[in-house]
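Data block below; observations after.
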Amino acid sequence: MKPYLALITVLGLTLNASAKTDWSRFRGPNGSGVADTKGLPSKVDDTNTVWKVELGKGWSSPVLWEDKVFVTAETTPGKRAVICLNAKDGSEAWRYETEYSEHKKHNFNSFASSSPFVDADRVYVNWSTGTDIQALALDHNGKLVWHNDHVADYIHEHGTGVSAVVADGIMIVRSEFDTEKNGKDLTDSPEQKQWKSGIYGLDAVTGKQVWKLDIPNCLN
């Protein structure tokens, strides 16, 4: 497996283009994937790459807040981390490492595929371990603020990759899955066959569940 590389290019342009350069979530501040920054190169090569860092396997997108870049990656077997890098030189500011239980996933997936969400106060992550969806929040110095070790149940077909979203003080966590597909059972557990997909709202300050919306399982 090739390692995941955090790659930052033309950093001077992106940091100085405006006072507000934060890229706080997957696909940017409003989820559109469009940036206001101008003057970016049409291709990436050694002439406009300021730094690159090997981090470990993970398909999550880096997010940016002021002078810090946050990303998730598998670090060692059974462990993964939220990693904070200095945007100017790629040096590691801190990492928060935690264990996870492996589960079924597609070969193209990873155990660190969910992009973080960052705001002025915290860095948020949701991801899967075993048959659970977990969520956590860290402060900007890498200290754990809260950890919800069972937000929802989850039955794996290809693994997970749903990225964190926070709006109006609520962290929104999705757990959508099938119990069977094309006539094939994805679990042989009677208990798991009763599990339901859902969307969960967690208090961004405490991690406690505020609301839950049950949704039909994603049968095809």
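FYI, nothing fancy with the structure tokens labels: chains A, B, ... in order, residues from 1 per chain, ligands from 1 as they appear.
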
request  = Based on DSSP run over this structure's backbone, return all residues of range 122-174 of chain A in strand (DSSP E or B), as a VMD selection string.
outcome  = chain A and resid 122 to 129 132 to 139 144 to 153 165 to 167 170 to 174

Write a file of the selected residues as a short mmCIF file (atom, residue, chain, number, x, y, z; two decimals), in the first residue's frame, keeping N, CA, C and O atoms.
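File selection.cif, as written:
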```cif
data_model
loop_
_atom_site.label_atom_id
_atom_site.label_comp_id
_atom_site.auth_asym_id
_atom_site.auth_seq_id
_atom_site.Cartn_x
_atom_site.Cartn_y
_atom_site.Cartn_z
N ARG A 122 -12.79 23.71 18.19
CA ARG A 122 -12.50 22.27 18.26
C ARG A 122 -12.27 21.64 16.88
O ARG A 122 -12.65 22.22 15.87
N VAL A 123 -11.69 20.44 16.91
CA VAL A 123 -11.56 19.58 15.74
C VAL A 123 -12.44 18.35 15.99
O VAL A 123 -12.31 17.71 17.03
N TYR A 124 -13.33 18.03 15.05
CA TYR A 124 -14.30 16.95 15.23
C TYR A 124 -14.03 15.83 14.22
O TYR A 124 -13.71 16.10 13.06
N VAL A 125 -14.22 14.59 14.68
CA VAL A 125 -14.05 13.44 13.80
C VAL A 125 -15.13 12.41 14.13
O VAL A 125 -15.45 12.20 15.31
N ASN A 126 -15.72 11.79 13.12
CA ASN A 126 -16.52 10.58 13.33
C ASN A 126 -15.98 9.48 12.42
O ASN A 126 -15.58 9.74 11.29
N TRP A 127 -15.93 8.26 12.95
CA TRP A 127 -15.43 7.13 12.19
C TRP A 127 -15.95 5.84 12.81
O TRP A 127 -16.66 5.87 13.83
N SER A 128 -15.65 4.70 12.22
CA SER A 128 -16.20 3.43 12.68
C SER A 128 -15.12 2.58 13.33
O SER A 128 -13.94 2.66 12.99
N THR A 129 -15.56 1.77 14.29
CA THR A 129 -14.71 0.77 14.91
C THR A 129 -15.59 -0.43 15.22
O THR A 129 -16.64 -0.30 15.85
N ASP A 132 -19.53 -0.18 15.63
CA ASP A 132 -19.94 1.09 16.22
C ASP A 132 -19.47 2.26 15.37
O ASP A 132 -18.40 2.22 14.76
N ILE A 133 -20.27 3.34 15.37
CA ILE A 133 -19.83 4.63 14.88
C ILE A 133 -19.43 5.46 16.09
O ILE A 133 -20.20 5.59 17.05
N GLN A 134 -18.24 6.02 16.07
CA GLN A 134 -17.74 6.84 17.17
C GLN A 134 -17.57 8.28 16.71
O GLN A 134 -17.46 8.56 15.52
N ALA A 135 -17.53 9.19 17.67
CA ALA A 135 -17.25 10.59 17.39
C ALA A 135 -16.40 11.14 18.53
O ALA A 135 -16.48 10.67 19.67
N LEU A 136 -15.58 12.13 18.19
CA LEU A 136 -14.76 12.77 19.21
C LEU A 136 -14.48 14.21 18.84
O LEU A 136 -14.64 14.61 17.68
N ALA A 137 -14.09 14.98 19.83
CA ALA A 137 -13.69 16.37 19.61
C ALA A 137 -12.40 16.64 20.37
O ALA A 137 -12.23 16.19 21.51
N LEU A 138 -11.49 17.36 19.72
CA LEU A 138 -10.23 17.76 20.31
C LEU A 138 -10.16 19.28 20.31
O LEU A 138 -10.75 19.94 19.46
N ASP A 139 -9.40 19.86 21.26
CA ASP A 139 -9.15 21.29 21.15
C ASP A 139 -7.99 21.52 20.19
O ASP A 139 -7.41 20.57 19.65
N LEU A 144 -8.09 15.92 24.21
CA LEU A 144 -9.43 15.37 24.04
C LEU A 144 -10.43 16.18 24.85
O LEU A 144 -10.28 16.35 26.07
N VAL A 145 -11.47 16.67 24.19
CA VAL A 145 -12.55 17.40 24.85
C VAL A 145 -13.67 16.43 25.23
O VAL A 145 -14.16 16.45 26.35
N TRP A 146 -14.08 15.59 24.29
CA TRP A 146 -15.05 14.53 24.59
C TRP A 146 -14.91 13.41 23.57
O TRP A 146 -14.37 13.59 22.50
N HIS A 147 -15.42 12.24 23.96
CA HIS A 147 -15.39 11.06 23.09
C HIS A 147 -16.68 10.29 23.28
O HIS A 147 -17.00 9.88 24.41
N ASN A 148 -17.46 10.13 22.24
CA ASN A 148 -18.69 9.34 22.27
C ASN A 148 -18.38 8.02 21.58
O ASN A 148 -18.25 7.97 20.35
N ASP A 149 -18.20 6.95 22.37
CA ASP A 149 -17.70 5.70 21.79
C ASP A 149 -18.79 4.86 21.13
O ASP A 149 -18.49 3.83 20.52
N HIS A 150 -20.07 5.26 21.25
CA HIS A 150 -21.13 4.53 20.55
C HIS A 150 -22.23 5.53 20.18
O HIS A 150 -23.24 5.64 20.87
N VAL A 151 -22.00 6.22 19.08
CA VAL A 151 -23.03 7.11 18.56
C VAL A 151 -24.15 6.30 17.93
O VAL A 151 -25.33 6.59 18.10
N ALA A 152 -23.76 5.25 17.20
CA ALA A 152 -24.75 4.47 16.45
C ALA A 152 -24.19 3.09 16.14
O ALA A 152 -22.98 2.85 16.22
N ASP A 153 -25.10 2.17 15.79
CA ASP A 153 -24.71 0.86 15.28
C ASP A 153 -24.38 0.97 13.80
O ASP A 153 -24.85 1.88 13.11
N VAL A 165 -19.69 16.95 10.11
CA VAL A 165 -20.29 18.25 9.82
C VAL A 165 -20.82 18.83 11.12
O VAL A 165 -21.45 18.12 11.91
N VAL A 166 -20.56 20.11 11.37
CA VAL A 166 -21.08 20.80 12.54
C VAL A 166 -21.80 22.05 12.08
O VAL A 166 -21.28 22.83 11.28
N ALA A 167 -23.03 22.23 12.59
CA ALA A 167 -23.83 23.40 12.23
C ALA A 167 -24.66 23.83 13.43
O ALA A 167 -25.31 22.99 14.08
N ILE A 170 -24.37 21.83 16.59
CA ILE A 170 -24.72 20.41 16.54
C ILE A 170 -23.79 19.69 15.58
O ILE A 170 -23.61 20.11 14.43
N MET A 171 -23.18 18.60 16.05
CA MET A 171 -22.39 17.72 15.18
C MET A 171 -23.33 16.68 14.59
O MET A 171 -24.01 15.95 15.33
N ILE A 172 -23.39 16.61 13.27
CA ILE A 172 -24.29 15.70 12.58
C ILE A 172 -23.51 14.46 12.15
O ILE A 172 -22.50 14.56 11.46
N VAL A 173 -23.98 13.30 12.58
CA VAL A 173 -23.31 12.03 12.31
C VAL A 173 -24.30 11.10 11.61
O VAL A 173 -25.40 10.88 12.11
N ARG A 174 -23.92 10.58 10.47
CA ARG A 174 -24.76 9.66 9.71
C ARG A 174 -24.29 8.21 9.88
O ARG A 174 -23.10 7.94 9.88
#
```

inquiry  = List as a PyMOL selection string the protein and nucleic acid residues near range 198-200 of chain A, meaning an atom at most 7 Å away when only C-alpha atoms are counted, but skip any in the same chain fewer than 5 places from it.
reply    = chain A and resi 172-176+211-215

Selection to disk with C-alpha atoms, as a PDB file, in the first residue's frame:
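For reference, out_36.pdb as written:
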```pdb
ATOM      1  CA  ILE A 172     -24.295  15.697  12.585  1.00  0.00           C
ATOM      2  CA  VAL A 173     -23.312  12.034  12.308  1.00  0.00           C
ATOM      3  CA  ARG A 174     -24.763   9.657   9.708  1.00  0.00           C
ATOM      4  CA  SER A 175     -24.991   5.885  10.018  1.00  0.00           C
ATOM      5  CA  GLU A 176     -26.543   4.437   6.863  1.00  0.00           C
ATOM      6  CA  TRP A 211     -31.724  14.217  18.612  1.00  0.00           C
ATOM      7  CA  LYS A 212     -31.994  11.216  16.307  1.00  0.00           C
ATOM      8  CA  LEU A 213     -33.714  10.766  12.962  1.00  0.00           C
ATOM      9  CA  ASP A 214     -34.460   7.176  11.934  1.00  0.00           C
ATOM     10  CA  ILE A 215     -34.207   6.574   8.180  1.00  0.00           C
TER      11      ILE A 215
END
```

Neighbour list for Gly161 in chain A as a ChimeraX atom specification, cut-off 8 Å, only C-alpha atoms, skip fewer than 3 positions in-chain = /A:60,112-115,127

inquiry  = Using DSSP assignments from the backbone, pull out every residue in chain A that falls under alpha helix (DSSP H) and give it to me as a PyMOL selection string.
reply    = chain A and resi 11-16

How about saving the chosen residues, all heavy atoms kept, as a PDB file, in the first residue's frame?
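Printed below is result12.pdb as written:
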```pdb
ATOM      1  N   LEU A  11       1.954  27.530  -1.039  1.00  0.00           N
ATOM      2  CA  LEU A  11       1.414  27.891   0.254  1.00  0.00           C
ATOM      3  C   LEU A  11       1.354  29.396   0.460  1.00  0.00           C
ATOM      4  O   LEU A  11       0.425  29.924   1.051  1.00  0.00           O
ATOM      5  CB  LEU A  11       2.259  27.250   1.363  1.00  0.00           C
ATOM      6  CG  LEU A  11       1.661  27.240   2.756  1.00  0.00           C
ATOM      7  CD1 LEU A  11       0.359  26.467   2.772  1.00  0.00           C
ATOM      8  CD2 LEU A  11       2.635  26.652   3.744  1.00  0.00           C
ATOM      9  N   GLY A  12       2.344  30.093  -0.054  1.00  0.00           N
ATOM     10  CA  GLY A  12       2.341  31.539   0.104  1.00  0.00           C
ATOM     11  C   GLY A  12       1.114  32.172  -0.511  1.00  0.00           C
ATOM     12  O   GLY A  12       0.518  33.095   0.040  1.00  0.00           O
ATOM     13  N   LEU A  13       0.695  31.663  -1.671  1.00  0.00           N
ATOM     14  CA  LEU A  13      -0.501  32.201  -2.320  1.00  0.00           C
ATOM     15  C   LEU A  13      -1.751  31.897  -1.514  1.00  0.00           C
ATOM     16  O   LEU A  13      -2.587  32.765  -1.289  1.00  0.00           O
ATOM     17  CB  LEU A  13      -0.642  31.605  -3.729  1.00  0.00           C
ATOM     18  CG  LEU A  13       0.349  32.096  -4.778  1.00  0.00           C
ATOM     19  CD1 LEU A  13       0.159  31.315  -6.067  1.00  0.00           C
ATOM     20  CD2 LEU A  13       0.163  33.590  -5.050  1.00  0.00           C
ATOM     21  N   THR A  14      -1.876  30.657  -1.045  1.00  0.00           N
ATOM     22  CA  THR A  14      -3.114  30.269  -0.380  1.00  0.00           C
ATOM     23  C   THR A  14      -3.246  30.937   0.981  1.00  0.00           C
ATOM     24  O   THR A  14      -4.352  31.254   1.406  1.00  0.00           O
ATOM     25  CB  THR A  14      -3.189  28.743  -0.203  1.00  0.00           C
ATOM     26  OG1 THR A  14      -2.066  28.297   0.547  1.00  0.00           O
ATOM     27  CG2 THR A  14      -3.215  28.053  -1.549  1.00  0.00           C
ATOM     28  N   LEU A  15      -2.142  31.156   1.687  1.00  0.00           N
ATOM     29  CA  LEU A  15      -2.239  31.757   3.006  1.00  0.00           C
ATOM     30  C   LEU A  15      -2.371  33.270   2.954  1.00  0.00           C
ATOM     31  O   LEU A  15      -2.929  33.877   3.854  1.00  0.00           O
ATOM     32  CB  LEU A  15      -1.011  31.387   3.856  1.00  0.00           C
ATOM     33  CG  LEU A  15      -0.930  29.928   4.299  1.00  0.00           C
ATOM     34  CD1 LEU A  15       0.307  29.715   5.140  1.00  0.00           C
ATOM     35  CD2 LEU A  15      -2.172  29.516   5.079  1.00  0.00           C
ATOM     36  N   ASN A  16      -1.877  33.886   1.898  1.00  0.00           N
ATOM     37  CA  ASN A  16      -1.883  35.331   1.845  1.00  0.00           C
ATOM     38  C   ASN A  16      -2.970  35.914   0.957  1.00  0.00           C
ATOM     39  O   ASN A  16      -3.123  37.129   0.869  1.00  0.00           O
ATOM     40  CB  ASN A  16      -0.518  35.831   1.333  1.00  0.00           C
ATOM     41  CG  ASN A  16       0.602  35.486   2.301  1.00  0.00           C
ATOM     42  OD1 ASN A  16       0.410  35.498   3.504  1.00  0.00           O
ATOM     43  ND2 ASN A  16       1.773  35.173   1.761  1.00  0.00           N
TER      44      ASN A  16
END
```

ask   = Separation of CA of Tyr100 in chain A and CA of Asp121 in chain A, in Å?
value = 25.4 Å

key: Residue nearest Gly201 in chain A among A:Asp168, A:Thr37, A:Ser24, A:Asn30 (counting only C-alpha atoms)   = A:Asp168

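What separates CA of Gln192 in chain A from CA of Phe177 in chain A is a distance of 11.1 Å.
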